[in-house]
Every structure is written in structure tokens, then in C-alpha cells.
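What follows is structure14.cif (mmCIF, C-alpha atoms).
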```
data_structure
loop_
_atom_site.label_atom_id
_atom_site.label_comp_id
_atom_site.auth_asym_id
_atom_site.auth_seq_id
_atom_site.Cartn_x
_atom_site.Cartn_y
_atom_site.Cartn_z
CA MET A 14 17.74 -21.39 22.40
CA LEU A 15 17.84 -20.13 26.00
CA ILE A 16 17.54 -16.60 24.69
CA PHE A 17 14.12 -17.34 23.18
CA SER A 18 12.82 -18.80 26.43
CA ARG A 19 13.50 -15.50 28.19
CA TYR A 20 11.08 -13.76 25.86
CA THR A 21 8.46 -16.49 26.08
CA TYR A 22 6.07 -14.74 28.46
CA TRP A 23 6.16 -11.50 26.54
CA ALA A 24 5.80 -13.21 23.15
CA GLY A 25 2.93 -15.29 24.53
CA ALA A 26 1.22 -12.16 25.84
CA MET A 27 1.61 -10.46 22.46
CA VAL A 28 0.16 -13.45 20.62
CA ALA A 29 -2.76 -13.50 23.05
CA LEU A 30 -3.26 -9.78 22.48
CA ALA A 31 -3.18 -10.31 18.71
CA VAL A 32 -5.80 -13.06 18.97
CA LEU A 33 -7.97 -10.86 21.18
CA LEU A 34 -7.68 -7.91 18.78
CA ALA A 35 -8.38 -10.19 15.81
CA VAL A 36 -11.58 -11.51 17.41
CA VAL A 37 -12.73 -8.07 18.54
CA GLY A 38 -11.79 -6.56 15.18
CA ARG A 39 -13.67 -9.24 13.21
CA ALA A 40 -16.74 -8.47 15.28
CA GLY A 41 -16.44 -4.83 14.21
CA LEU A 42 -16.05 -3.60 17.76
CA LEU A 43 -12.81 -1.78 16.96
CA ASP A 44 -14.25 0.18 14.03
CA PRO A 45 -15.37 3.14 16.17
CA VAL A 46 -11.97 3.24 17.88
CA GLN A 47 -10.21 3.05 14.53
CA ASP A 48 -12.42 5.83 13.18
CA VAL A 49 -11.61 8.08 16.14
CA PHE A 50 -7.89 7.30 15.77
CA LEU A 51 -7.94 8.06 12.05
CA ARG A 52 -9.91 11.28 12.54
CA ALA A 53 -7.40 12.37 15.18
CA THR A 54 -4.30 11.49 13.18
CA GLY A 55 -5.73 12.57 9.81
CA PRO A 56 -4.52 16.18 10.02
CA LEU A 57 -1.07 14.98 11.12
CA GLU A 58 -0.86 12.52 8.21
CA GLU A 59 -2.07 15.20 5.82
CA GLY A 60 0.48 17.67 7.13
CA VAL A 61 3.37 15.21 6.88
CA SER A 62 2.24 14.09 3.41
CA SER A 63 2.00 17.68 2.22
CA ALA A 64 5.53 18.33 3.42
CA PHE A 65 6.98 15.32 1.61
CA ARG A 66 4.81 15.37 -1.53
CA PRO A 67 6.82 18.08 -3.39
CA VAL A 68 10.05 16.17 -2.72
CA ALA A 69 8.44 12.94 -3.93
CA ASN A 70 7.09 14.74 -7.00
CA PHE A 71 10.55 16.01 -7.83
CA PHE A 72 12.16 12.56 -7.58
CA SER A 73 9.26 10.96 -9.44
CA ASN A 74 9.59 13.46 -12.29
CA VAL A 75 13.36 13.00 -12.52
CA ARG A 76 12.94 9.22 -12.58
CA ASP A 77 10.22 9.38 -15.22
CA LEU A 78 11.72 12.14 -17.37
CA ASP A 79 12.20 10.02 -20.50
CA ARG A 80 8.81 8.42 -20.19
CA LEU A 81 7.13 11.78 -19.56
CA GLU A 82 8.72 13.30 -22.66
CA GLN A 83 7.52 10.42 -24.81
CA GLU A 84 4.11 10.57 -23.18
CA ASN A 85 3.92 14.31 -23.77
CA ARG A 86 4.59 13.89 -27.49
CA ARG A 87 2.03 11.11 -27.73
CA LEU A 88 -0.58 13.11 -25.79
CA LEU A 89 -0.11 16.16 -28.00
CA SER A 90 -0.86 14.12 -31.11
CA GLU A 91 -3.75 12.38 -29.37
CA ASN A 92 -5.16 15.68 -28.24
CA GLU A 93 -5.99 16.89 -31.73
CA SER A 94 -7.73 13.68 -32.76
CA LEU A 95 -9.67 13.60 -29.48
CA ARG A 96 -10.84 17.19 -29.96
CA ASN A 97 -12.22 16.25 -33.36
CA GLU A 98 -13.82 13.12 -31.95
CA ASN A 99 -15.27 15.11 -29.06
CA ALA A 100 -16.91 17.60 -31.42
CA ALA A 101 -18.53 14.72 -33.33
CA LEU A 102 -19.68 13.06 -30.09
CA ARG A 103 -21.24 16.30 -28.84
CA GLY A 104 -23.34 16.35 -31.96
CA ASP A 105 -24.33 12.71 -31.47
CA SER A 106 -25.14 13.31 -27.82
CA GLU A 107 -27.38 16.24 -28.64
CA ARG A 108 -29.18 14.21 -31.29
CA LEU A 109 -29.62 11.30 -28.82
CA ARG A 110 -31.10 13.64 -26.20
CA GLU A 111 -33.59 14.96 -28.74
CA ILE A 112 -34.60 11.43 -29.74
CA GLU A 113 -35.00 10.41 -26.06
CA GLU A 114 -37.19 13.43 -25.41
CA ALA A 115 -39.26 12.65 -28.50
CA LEU A 116 -39.75 9.04 -27.36
CA GLY A 117 -40.40 10.00 -23.74
CA TYR A 118 -37.54 7.76 -22.64
CA VAL A 119 -36.66 8.09 -18.96
CA GLY A 120 -33.36 6.45 -18.20
CA ALA A 121 -31.01 6.77 -15.32
CA ASP A 122 -27.53 5.40 -15.31
CA PRO A 123 -27.10 3.96 -11.83
CA THR A 124 -23.37 4.31 -12.00
CA THR A 125 -23.08 8.03 -12.50
CA GLU A 126 -23.45 9.40 -8.98
CA GLN A 127 -19.91 10.20 -7.95
CA LEU A 128 -18.48 11.67 -4.79
CA ALA A 129 -15.19 13.55 -4.76
CA ALA A 130 -12.83 12.45 -2.00
CA GLY A 131 -9.40 13.59 -0.90
CA VAL A 132 -6.54 11.15 -0.52
CA LEU A 133 -5.38 11.13 3.09
CA SER A 134 -2.60 8.58 2.90
CA ARG A 135 -1.07 5.82 0.84
CA ILE A 136 -0.43 2.38 2.23
CA GLN A 137 2.25 0.49 0.41
CA GLY A 138 3.59 -2.84 1.53
CA PRO A 139 5.00 -5.94 -0.12
CA LEU A 140 2.63 -6.64 -3.05
CA THR A 141 -0.01 -4.30 -1.64
CA ARG A 142 -1.16 -0.81 -2.68
CA GLU A 143 -3.97 0.96 -0.88
CA LEU A 144 -5.25 4.48 -0.27
CA ARG A 145 -7.18 6.04 2.54
CA ILE A 146 -9.71 8.69 1.49
CA ASP A 147 -11.53 11.27 3.58
CA ARG A 148 -15.06 10.07 2.83
CA GLY A 149 -16.83 7.21 4.58
CA THR A 150 -20.23 5.80 5.43
CA ASP A 151 -21.31 9.23 6.76
CA HIS A 152 -21.00 10.48 3.18
CA GLY A 153 -22.65 7.52 1.47
CA VAL A 154 -19.55 5.46 0.70
CA SER A 155 -19.93 1.72 1.06
CA GLU A 156 -17.72 -1.30 0.54
CA GLY A 157 -17.46 -2.32 -3.08
CA ASN A 158 -17.87 1.17 -4.54
CA PRO A 159 -15.52 1.61 -7.51
CA VAL A 160 -13.06 4.49 -7.22
CA LEU A 161 -12.02 6.56 -10.24
CA SER A 162 -9.48 9.24 -10.98
CA VAL A 163 -10.88 12.71 -11.61
CA ARG A 164 -10.62 11.94 -15.34
CA GLY A 165 -12.72 8.80 -14.98
CA THR A 166 -10.08 6.08 -15.03
CA LEU A 167 -10.71 3.17 -12.68
CA ILE A 168 -8.12 3.09 -9.90
CA GLY A 169 -9.57 0.75 -7.29
CA THR A 170 -12.36 -0.36 -4.99
CA VAL A 171 -13.46 0.60 -1.49
CA ILE A 172 -12.64 -2.37 0.71
CA GLU A 173 -13.51 -0.90 4.10
CA ALA A 174 -15.73 2.05 4.84
CA LEU A 175 -15.57 3.66 8.27
CA PRO A 176 -17.81 6.58 9.24
CA GLY A 177 -15.24 9.26 8.45
CA SER A 178 -12.86 7.63 6.01
CA SER A 179 -12.45 4.61 3.77
CA PHE A 180 -9.71 2.29 2.60
CA VAL A 181 -9.36 1.76 -1.16
CA ARG A 182 -7.54 -1.20 -2.70
CA LEU A 183 -5.83 -0.01 -5.87
CA LEU A 184 -5.87 -1.88 -9.16
CA THR A 185 -2.08 -2.17 -8.90
CA ASP A 186 -2.43 -4.12 -5.65
CA SER A 187 -1.49 -7.71 -6.43
CA ARG A 188 -4.78 -8.92 -4.90
CA SER A 189 -6.85 -6.90 -7.40
CA SER A 190 -8.34 -8.31 -10.58
CA VAL A 191 -10.99 -6.86 -12.87
CA ALA A 192 -12.89 -8.43 -15.75
CA ALA A 193 -11.82 -6.30 -18.69
CA GLN A 194 -12.05 -6.01 -22.45
CA VAL A 195 -10.50 -4.04 -25.26
CA ARG A 196 -12.74 -1.11 -26.17
CA GLY A 197 -14.37 -1.69 -29.54
CA SER A 198 -13.15 -5.27 -29.78
CA PRO A 199 -14.34 -8.65 -28.52
CA ALA A 200 -10.93 -9.35 -26.92
CA ASP A 201 -11.28 -9.79 -23.18
CA GLY A 202 -9.35 -10.96 -20.16
CA ILE A 203 -8.50 -10.02 -16.58
CA ALA A 204 -6.73 -6.80 -15.64
CA LYS A 205 -4.48 -7.65 -12.69
CA GLY A 206 -2.14 -5.72 -10.46
CA ASP A 207 1.25 -7.06 -9.48
CA GLY A 208 2.09 -4.71 -6.63
CA GLY A 209 3.25 -1.88 -8.87
CA ALA A 210 2.14 -2.33 -12.46
CA LEU A 211 -0.89 -3.60 -14.35
CA SER A 212 -1.16 -6.55 -16.69
CA PHE A 213 -3.93 -7.94 -18.88
CA ALA A 214 -4.01 -11.66 -18.22
CA LEU A 215 -5.81 -14.61 -19.82
CA VAL A 216 -6.51 -12.53 -22.91
CA GLU A 217 -8.63 -14.10 -25.61
CA GLY A 218 -8.68 -12.24 -28.91
CA ASP A 219 -6.38 -9.83 -30.70
CA VAL A 220 -4.68 -7.18 -28.62
CA ASN A 221 -2.43 -4.47 -30.00
CA ILE A 222 -0.22 -1.82 -28.48
CA GLY A 223 -2.23 1.36 -27.95
CA ASP A 224 -5.57 -0.43 -27.41
CA THR A 225 -7.70 1.01 -24.62
CA VAL A 226 -8.77 -1.51 -21.99
CA VAL A 227 -12.03 -0.95 -20.13
CA THR A 228 -14.07 -2.87 -17.59
CA SER A 229 -16.35 -5.47 -19.12
CA GLY A 230 -18.85 -5.51 -16.28
CA LEU A 231 -18.76 -9.30 -16.14
CA GLY A 232 -19.36 -10.59 -12.63
CA GLY A 233 -21.11 -7.38 -11.59
CA THR A 234 -18.21 -6.17 -9.45
CA TYR A 235 -17.60 -3.11 -11.63
CA PRO A 236 -19.79 -1.18 -14.04
CA PRO A 237 -19.00 -1.78 -17.72
CA ASP A 238 -16.95 0.49 -19.97
CA VAL A 239 -14.89 2.27 -17.33
CA ARG A 240 -11.42 3.01 -18.63
CA ILE A 241 -8.57 1.05 -17.02
CA GLY A 242 -5.53 1.83 -19.15
CA GLU A 243 -3.75 1.34 -22.43
CA VAL A 244 -1.82 -1.61 -23.79
CA THR A 245 1.90 -0.80 -23.82
CA ALA A 246 3.39 -4.20 -24.66
CA VAL A 247 2.25 -7.54 -26.04
CA LEU A 248 4.82 -10.26 -25.40
CA GLY A 249 4.98 -13.97 -26.15
CA ASP A 250 4.88 -16.13 -29.25
CA SER A 251 2.34 -18.24 -31.04
CA GLN A 252 3.10 -21.23 -28.75
CA ASP A 253 1.92 -19.37 -25.67
CA PRO A 254 -1.71 -20.04 -24.79
CA PHE A 255 -2.06 -16.44 -23.65
CA PRO A 256 0.16 -13.48 -24.53
CA THR A 257 1.72 -11.38 -21.78
CA VAL A 258 0.07 -7.99 -22.07
CA ARG A 259 1.22 -4.98 -20.10
CA LEU A 260 -1.09 -2.10 -19.33
CA GLN A 261 -0.31 1.42 -18.37
CA THR A 262 -2.73 3.59 -16.51
CA THR A 263 -2.61 7.31 -17.15
CA VAL A 264 -3.15 8.03 -13.45
CA ARG A 265 -0.13 8.88 -11.32
CA ILE A 266 -1.32 7.23 -8.15
CA SER A 267 1.73 8.31 -6.18
CA THR A 268 0.76 11.96 -6.38
CA THR A 269 -3.02 11.79 -6.83
CA ARG A 270 -4.80 13.98 -4.30
CA THR A 271 -8.45 13.66 -5.34
CA VAL A 272 -10.48 10.66 -6.46
CA LEU A 273 -14.13 10.00 -7.34
CA VAL A 274 -16.17 7.32 -5.59
CA MET A 275 -19.07 5.82 -7.57
CA ILE A 276 -21.38 5.76 -4.56
CA SER A 277 -24.48 4.72 -6.49
CA PHE A 278 -22.91 1.56 -7.86
CA THR A 279 -23.56 -1.49 -5.76
CA PRO A 280 -21.61 -4.56 -6.79
CA ALA A 281 -23.58 -7.72 -7.38
CA ARG A 282 -21.29 -9.56 -5.00
CA PHE A 283 -18.43 -8.16 -3.01
CA GLU A 284 -16.00 -10.18 -0.96
CA VAL A 285 -12.60 -9.15 0.25
CA GLU A 286 -10.29 -11.90 1.31
CA ASP A 287 -8.41 -10.95 4.48
CA MET B 13 7.37 10.43 30.77
CA ARG B 14 9.17 7.41 29.29
CA ALA B 15 5.84 5.75 28.47
CA LEU B 16 4.60 8.93 26.80
CA LEU B 17 7.75 9.09 24.68
CA LEU B 18 7.21 5.49 23.59
CA VAL B 19 3.60 6.25 22.63
CA LEU B 20 4.76 9.27 20.62
CA LEU B 21 7.45 7.19 18.92
CA ALA B 22 4.88 4.53 18.01
CA LEU B 23 2.54 7.21 16.66
CA ALA B 24 5.31 8.87 14.65
CA THR B 25 6.32 5.49 13.20
CA ALA B 26 2.76 4.63 12.18
CA VAL B 27 2.24 8.05 10.60
CA ALA B 28 5.59 7.91 8.79
CA GLN B 29 4.76 4.48 7.38
CA VAL B 30 1.64 5.81 5.62
CA ALA B 31 2.60 9.45 5.07
CA VAL B 32 6.29 9.25 4.14
CA ALA B 33 7.35 5.73 3.12
CA PRO B 34 5.08 5.37 0.04
CA PHE B 35 6.53 8.55 -1.48
CA PHE B 36 10.04 7.12 -1.73
CA PRO B 37 9.97 3.63 -3.18
CA VAL B 38 13.30 2.17 -4.30
CA LEU B 39 12.87 -0.45 -7.03
CA GLY B 40 9.36 -1.01 -5.72
CA ALA B 41 10.33 -1.49 -2.07
CA VAL B 42 9.33 1.02 0.57
CA ALA B 43 10.94 1.68 3.94
CA GLU B 44 9.81 -0.49 6.84
CA PHE B 45 9.82 2.18 9.52
CA PRO B 46 8.38 -0.19 12.17
CA VAL B 47 11.39 -2.49 11.78
CA VAL B 48 13.83 0.41 11.87
CA ALA B 49 12.14 2.02 14.89
CA LEU B 50 11.94 -1.21 16.90
CA MET B 51 15.53 -2.10 16.08
CA LEU B 52 16.95 1.27 17.07
CA LEU B 53 14.77 1.29 20.17
CA ALA B 54 16.10 -2.14 21.16
CA ILE B 55 19.71 -1.11 20.65
CA PHE B 56 19.62 2.33 22.20
CA ALA B 57 16.83 2.04 24.80
CA GLY B 58 16.98 -1.68 25.63
CA PRO B 59 14.60 -4.61 25.17
CA HIS B 60 12.21 -3.42 27.89
CA ALA B 61 11.35 -0.32 25.86
CA VAL B 62 10.55 -2.50 22.83
CA MET B 63 8.37 -4.77 24.93
CA ILE B 64 6.27 -1.76 25.96
CA ALA B 65 6.26 0.00 22.59
CA PHE B 66 5.48 -3.10 20.52
CA PRO B 67 1.75 -3.53 21.32
CA ILE B 68 1.17 0.22 21.01
CA LEU B 69 2.88 0.27 17.64
CA VAL B 70 0.93 -2.75 16.41
CA LEU B 71 -2.33 -1.10 17.48
CA PHE B 72 -1.49 2.20 15.75
CA LEU B 73 -0.19 0.46 12.62
CA GLY B 74 -3.27 -1.74 12.43
CA PHE B 75 -5.51 1.31 12.56
CA SER B 76 -3.42 3.31 10.06
CA THR B 77 -2.73 0.63 7.48
CA ASN B 78 -5.84 -1.52 7.93
CA VAL B 79 -3.64 -4.62 8.08
CA GLU B 80 -4.98 -7.16 10.57
CA PHE B 81 -3.29 -7.09 13.96
CA GLU B 82 -2.41 -10.78 13.89
CA TRP B 83 -0.41 -10.32 10.69
CA LEU B 84 1.45 -7.34 12.10
CA VAL B 85 2.34 -9.39 15.18
CA LEU B 86 3.53 -12.21 12.92
CA ALA B 87 5.69 -9.76 10.95
CA TYR B 88 7.26 -7.88 13.84
CA LEU B 89 7.10 -10.09 16.96
CA PRO B 90 10.16 -12.28 16.20
CA LEU B 91 12.29 -9.17 15.74
CA LEU B 92 13.35 -8.75 19.38
CA PRO B 93 14.12 -12.39 20.36
CA CYS B 94 15.88 -13.00 17.04
CA ALA B 95 17.93 -9.81 17.40
CA ALA B 96 18.96 -10.95 20.88
CA TRP B 97 19.92 -14.35 19.47
CA ILE B 98 21.97 -12.74 16.70
CA GLN B 99 23.71 -10.57 19.30
CA ARG B 100 24.78 -13.75 21.09
CA GLN B 101 26.41 -15.28 18.03
CA ARG B 102 30.13 -14.82 18.38
CA ALA B 103 30.65 -15.57 14.68
CA ILE B 104 29.11 -12.22 13.81
CA PRO B 105 31.36 -9.15 14.21
CA GLN B 106 30.52 -7.64 17.57
CA SER B 107 30.85 -4.02 16.61
CA PRO B 108 27.52 -2.37 17.49
CA TYR B 109 27.04 -1.01 13.98
CA ALA B 110 27.60 -4.42 12.31
CA LEU B 111 25.18 -6.01 14.76
CA VAL B 112 22.50 -3.40 14.11
CA LEU B 113 22.95 -3.88 10.39
CA VAL B 114 22.70 -7.68 10.54
CA MET B 115 19.77 -7.62 12.97
CA GLY B 116 17.92 -4.90 11.08
CA VAL B 117 18.34 -6.45 7.66
CA ALA B 118 17.35 -9.89 8.98
CA ALA B 119 14.27 -8.40 10.67
CA GLY B 120 13.38 -6.56 7.47
CA VAL B 121 13.62 -9.75 5.41
CA TRP B 122 11.41 -11.56 7.89
CA ALA B 123 8.82 -8.76 8.04
CA ARG B 124 8.62 -8.33 4.26
CA GLY B 125 8.55 -12.08 3.74
CA ALA B 126 5.75 -12.48 6.27
CA LEU B 127 3.71 -9.64 4.80
CA SER B 128 4.23 -11.10 1.30
CA VAL B 129 2.91 -14.44 2.51
CA VAL B 130 -0.10 -12.63 3.97
CA ALA B 131 -0.70 -10.93 0.60
CA VAL B 132 -0.42 -14.29 -1.20
CA ALA B 133 -2.88 -15.80 1.26
CA SER B 134 -5.25 -12.94 0.38
CA GLY B 135 -5.18 -13.57 -3.35
CA ALA B 136 -1.88 -12.21 -4.70
CA SER B 137 -0.03 -14.53 -7.05
CA PRO B 138 3.55 -13.32 -7.48
CA THR B 139 6.34 -15.58 -8.65
CA PHE B 140 8.92 -16.61 -6.07
CA GLY B 141 11.59 -14.82 -8.11
CA ALA B 142 9.59 -11.59 -8.05
CA VAL B 143 9.33 -11.74 -4.27
CA ILE B 144 13.12 -12.07 -4.07
CA THR B 145 14.07 -9.47 -6.68
CA ASP B 146 11.25 -6.95 -6.28
CA ILE B 147 10.66 -7.11 -2.54
CA LEU B 148 13.36 -8.75 -0.45
CA LEU B 149 16.59 -7.61 -2.16
CA PRO B 150 15.62 -3.93 -2.64
CA GLY B 151 14.15 -4.01 0.85
CA MET B 152 17.43 -5.28 2.32
CA ALA B 153 19.38 -2.50 0.61
CA PHE B 154 16.82 0.07 1.69
CA ASP B 155 16.83 -1.10 5.33
CA ALA B 156 20.63 -1.08 5.41
CA VAL B 157 20.76 2.53 4.21
CA VAL B 158 17.97 3.82 6.47
CA LEU B 159 19.38 1.98 9.51
CA SER B 160 22.89 3.25 8.81
CA VAL B 161 21.75 6.86 8.59
CA LEU B 162 19.62 6.69 11.74
CA TYR B 163 22.27 4.70 13.60
CA ALA B 164 24.84 7.37 12.74
CA ILE B 165 22.53 10.07 14.10
CA CYS B 166 21.92 8.17 17.36
CA TRP B 167 25.63 7.42 17.69
CA TYR B 168 26.49 11.07 17.08
CA ILE B 169 24.06 12.12 19.80
CA GLY B 170 25.98 9.78 22.09
CA TRP B 171 23.35 7.25 23.10
CA PRO B 172 24.96 4.10 24.51
CA VAL B 173 24.33 0.71 22.88
CA ARG B 174 22.42 -1.74 25.11
CA SER B 175 22.47 -5.50 25.44
CA LEU B 176 19.32 -7.24 24.23
CA GLU B 177 19.52 -10.04 26.78
CA LEU B 178 16.90 -9.53 29.40
CA GLU B 179 19.06 -10.42 32.41
CA ASP B 180 21.86 -8.16 31.19
CA ALA B 181 19.43 -5.35 30.70
CA GLY B 182 18.15 -5.85 34.22
CA TYR B 183 14.68 -7.16 33.47
CA GLY B 184 15.28 -10.88 33.70
CA PRO B 185 13.64 -13.21 36.21
#
```
I'd like the structure from this file rewritten - as C-alpha cells, please.
Amino acid sequence: MLIFSRYTYWAGAMVALAVLLAVVGRAGLLDPVQDVFLRATGPLEEGVSSAFRPVANFFSNVRDLDRLEQENRRLLSENESLRNENAALRGDSERLREIEEALGYVGADPTTEQLAAGVLSRIQGPLTRELRIDRGTDHGVSEGNPVLSVRGTLIGTVIEALPGSSFVRLLTDSRSSVAAQVRGSPADGIAKGDGGALSFALVEGDVNIGDTVVTSGLGGTYPPDVRIGEVTAVLGDSQDPFPTVRLQTTVRISTTRTVLVMISFTPARFEVED
Amino acid sequence: MRALLLVLLALATAVAQVAVAPFFPVLGAVAEFPVVALMLLAIFAGPHAVMIAFPILVLFLGFSTNVEFEWLVLAYLPLLPCAAWIQRQRAIPQSPYALVLVMGVAAGVWARGALSVVAVASGASPTFGAVITDILLPGMAFDAVVLSVLYAICWYIGWPVRSLELEDAGYGP
């Protein structure tokens, strides 16, 4: 163990430095320094990411070829039914607007103000999945704001907002969990990440493959009825208290470049465990 | 000049970890560029270079990844003393490449294990088996490949392999 003793002073100094940085960081004194660092390195990160993104896209597409073909066939068939549904909903929406005008109803959905943000970098570690986006407190972003894909699918939450950028914890991060329910059904549970995929845990009620899972709004952390993903597998038998339900999001996080931040939504309670 | 090079290396490592590593996951594991960089720095530039680069790298990584500094220190600090200890073990083949491989893979296992524990402490609830099969094993294979490629490049350039013992390296008391 002699070898360890020779590094004692250095290791001790590093531990002391870590404690100092932890204390200073917890007090928020490092936030301005971090913001300056991230602003300075942002263009470099963006440049490096842009150089590697096409290569990553290529490998991702090759790896997912079978799945993409199946998905393409499914989406083509879905497309027609959604077009028909959309036409019917447009009619309903127009009728609703006319009724609201007639009744003098003034309503404002507090969750609709969205801010487009560019993805600067991805942070992927053991069990963790995060993004850094190019909008921060200077642009109205605050901690707890839900983050959506450009098509409106929930992908995560802002966990730290700096003046010029923000960190977003993705739903696939194993520390994420969202109160969720099956759209058009009373079945509900918790959508959880596992560091790469999504599952629908503690489900009560009937769940079938193809069901759309949305936020339930319970707990006030997320607005209700925001799409999370679709059920791709329901495993387990009648003896299991809860089935194992796998979800698939339609968002390809690995190559997403733009996201939407719901800046007008303030969670009822927001705590991030460090 | 040497200090500037170390700062640039730390910066490049931090940027690569967020701008390159996430694009190329293998079975869910991503490259641990900090481990690879520190290991190659220790072998080809000596322990003193690591001792200078380490706090700079931790600072840059903390800013880039938003992981708390104390956890980064926990994940990467044992790397140098443990690598030196491994180098002393006569039971391990003493060819430089084998040593780098053993030290790098061991450091990678420690770093990933430590960061997994941090994630669990923050609310993640993986099974023990998942940590082994989805994080540690693919990570070991990944580290071995990345280290081998970079080691081959450094070896081809002709950089000499250094001892990790402080007195041998000339920085002992």
C-alpha cells in the first residue's frame, strides 16, 4: 500500500478541492462561471457535434433499418386515418370557437406558450440521459419547464437553467418518472426511463399494444394530456400484480436538433435530487 | 507551454464527452473519454501531468455535463494511484500495452460503477444485473477498443511509456 501513500497529498488536495467546489457550487456562485464557460465552448461543441452527427445518423439508421421499415409501414397506414380524424377535428374546433365566441368565454391555456430551442449537446452517462439547449433564464426558461419535441411529444424537463443555456433531463434518464395514463382510458401508471428506453410501471387498468400514453397531470409536475409514447409490449401473466409495459417514443433523441420548452408552465412542485 | 497543452487536452476531452461520445453508444454504453485521456496521459506523459490535468478536467467536465464536482472526483480520482498499484503487480504481464489495457479497463469499471451509484442515489432504480450487462460489460469492451486504438497511435508516434511511481518519475519526496 506504499504506492497509495505517495499520492496521499495530491488525493487529499483533490478531495479538498471537490468539497470546496461542491460548497461554492451549491451556493450558486459557480453559475456565472459555468455560463461563461458554456457560452465560450458552445460553438466548439456545436461544430464538433455537426461534424459527427451525419456519421452517427448513418450508423443509427443502419442499426435501426428493420425497425424503421416496420415503422414506415405502420406510419403510412396511420397517416390516412389521422388525416380523416384531423378533418373531423378541424370541424369540431371551428364549431367550438363559434360557441365560445357566442358565450363570451375567455380562456387561456397556461401551458401553450412554447419556446423553440436548439440542442447544443447530449450528456450520456451510466443510467443518465440529458441535453443542453441554447435557451436559458435570459429567454424565460426556468427549472421545471417541460420540454417537448417539435411534434409535441414530451421528452424531458429543465433541471437547471443558466442565463444562456439550460440542462434538460430526458424521460429516458433512469431518474425520470412521469404520472401517465392511456389516452381515452382510465388505465394509469408511471412512465419511467431506464437509461435508454421507456416503460410504463405500476399500471392499473387494461393496456394494449398500440395504446397512446399521455401525461395525466397528477402531481402538477407536468401538464395533462401531453403525448409520451405508444405501448409496444405488454408482458407478464395474471399472477403479476402489475404487467411489464414497454413504451416507445416516436422522437429520435439521438439526432434531435430542436425542442420546444413550455415556458409558461410552472410545476406545482419541482425538486431535483442531486 | 506544457500547462497550456494540458488545459487544451482537458478541454478537448470535456467537449468530446458531450459532443462525440453520445453519438456512438455500443449496447447502451458510451465512451468514457476522461478515463481514456487520463490513462494515456499517465502512461505517455507521466503521473505529474495527470496530477496537473485532473483538477482542470474535473472543472471542465463539471461545467459541461452538469455532474457535481464531488462525484466526478469520486469517479476519476482513484484512477492514478490504482493504475500505479496495478503497474507494481508482478503477476500482471508487464508489457506496456497489457498494463494500459488492464489499468484502463479497471479504471473504466470503477468510473462507470461510481457514476451508476450516483445515479441510483439520485433516484434511478436499475437492477444489479442491468448495471452489469448494460453498463459495465459493454463499457469494458468499449474502453478496451478505444484504449487499444489510441495506444497504437501513441506507440506509432514513438512516445515512450513512463512509470507511474512518483519517485521513479522524478516527483517523489
Notebook entry, point to check: Which of these, A:Thr54, A:Asn74, A:Thr225, A:Thr269, has the shortest distance to Ser178 (chain A) once you count all atoms listed in the file?
Noted result: A:Thr54
Checklist line | Residues of chain A within 6 Å of chain B, all atoms listed in the file counted, as a ChimeraX atom specification | finding: /A:17,31,47,58,62,69,134-137,139,187-188,286-287
Check: Which is closest to Val114 (chain B) among B:Ala57, B:Leu162, B:Leu149, B:Met51, if we use only C-alpha atoms?
Finding: B:Met51
Next item on the list: Would you write out, as a list in words, every residue that the PyMOL selection byres ((chain A and resi 143) around 10) captures in this file?
Entry: Ser134, Arg135, Ile136, Gln137, Gly138, Thr141, Arg142, Leu144, Arg145, Ile146, Gly169, Thr170, Val171, Ile172, Phe180, Val181, Arg182, Leu183, Leu184, Thr185, Asp186 and Ile266 of chain A; Val30, Thr77 and Asn78 of chain B
Next item on the list: List every protein, DNA or RNA residue that has an atom no more than 10 Å from (-0.2, 14.8, -6.2) in the file's coordinate frame, counting only C-alpha atoms, and report them as JSON, numbers by chain.
Entry: {"A": [62, 63, 66, 67, 69, 70, 132, 265, 266, 267, 268, 269, 270, 271]}
Notebook entry, point to check: Mind pulling up the distance from CA of Val28 (chain A) to CA of Gly120 (chain B)?
Noted result: 19.9 Å
Could you tell me which residues the PyMOL selection byres ((chain A and resi 203) around 8) grabs in this file, written as a short mmCIF file (atom, residue, chain, number, x, y, z; two decimals) with C-alpha atoms, keeping the file's coordinate frame?
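The file below, part.cif, is the result:
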```cif
data_model
loop_
_atom_site.label_atom_id
_atom_site.label_comp_id
_atom_site.auth_asym_id
_atom_site.auth_seq_id
_atom_site.Cartn_x
_atom_site.Cartn_y
_atom_site.Cartn_z
CA SER A 190 -8.34 -8.31 -10.58
CA VAL A 191 -10.99 -6.86 -12.87
CA ALA A 192 -12.89 -8.43 -15.75
CA ALA A 193 -11.82 -6.30 -18.69
CA GLN A 194 -12.05 -6.01 -22.45
CA ASP A 201 -11.28 -9.79 -23.18
CA GLY A 202 -9.35 -10.96 -20.16
CA ALA A 204 -6.73 -6.80 -15.64
CA LYS A 205 -4.48 -7.65 -12.69
CA PHE A 213 -3.93 -7.94 -18.88
CA ALA A 214 -4.01 -11.66 -18.22
CA LEU A 215 -5.81 -14.61 -19.82
CA VAL A 216 -6.51 -12.53 -22.91
#
```
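In this structure, CA of Gln127 (chain A) sits 5.8 Å away from CA of Ile276 (chain A).
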Notebook entry, point to check: Within 12 Å of (-13.4, 5.2, -12.8), only C-alpha atoms: residues as a PyMOL selection string?
Noted result: chain A and resi 124-129+158-170+183-184+227-228+235-242+262-264+272-276+278
Margin query: Rounded to one decimal, what separation in Å do you get between CA of Val195 (chain A) and CA of Pro256 (chain A)?
Written below: 14.3 Å
Checklist line | Test item: the PyMOL selection byres ((chain A and resi 218) around 8) resolved as an NGL selection string | finding: :A and (199-201 or 216-217 or 219-220)
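For the residues B:Leu53, B:Val173, B:Val117, B:Leu20, ranking by smallest atom-to-atom distance to Val157 (chain B) using only C-alpha atoms places B:Val117 first.
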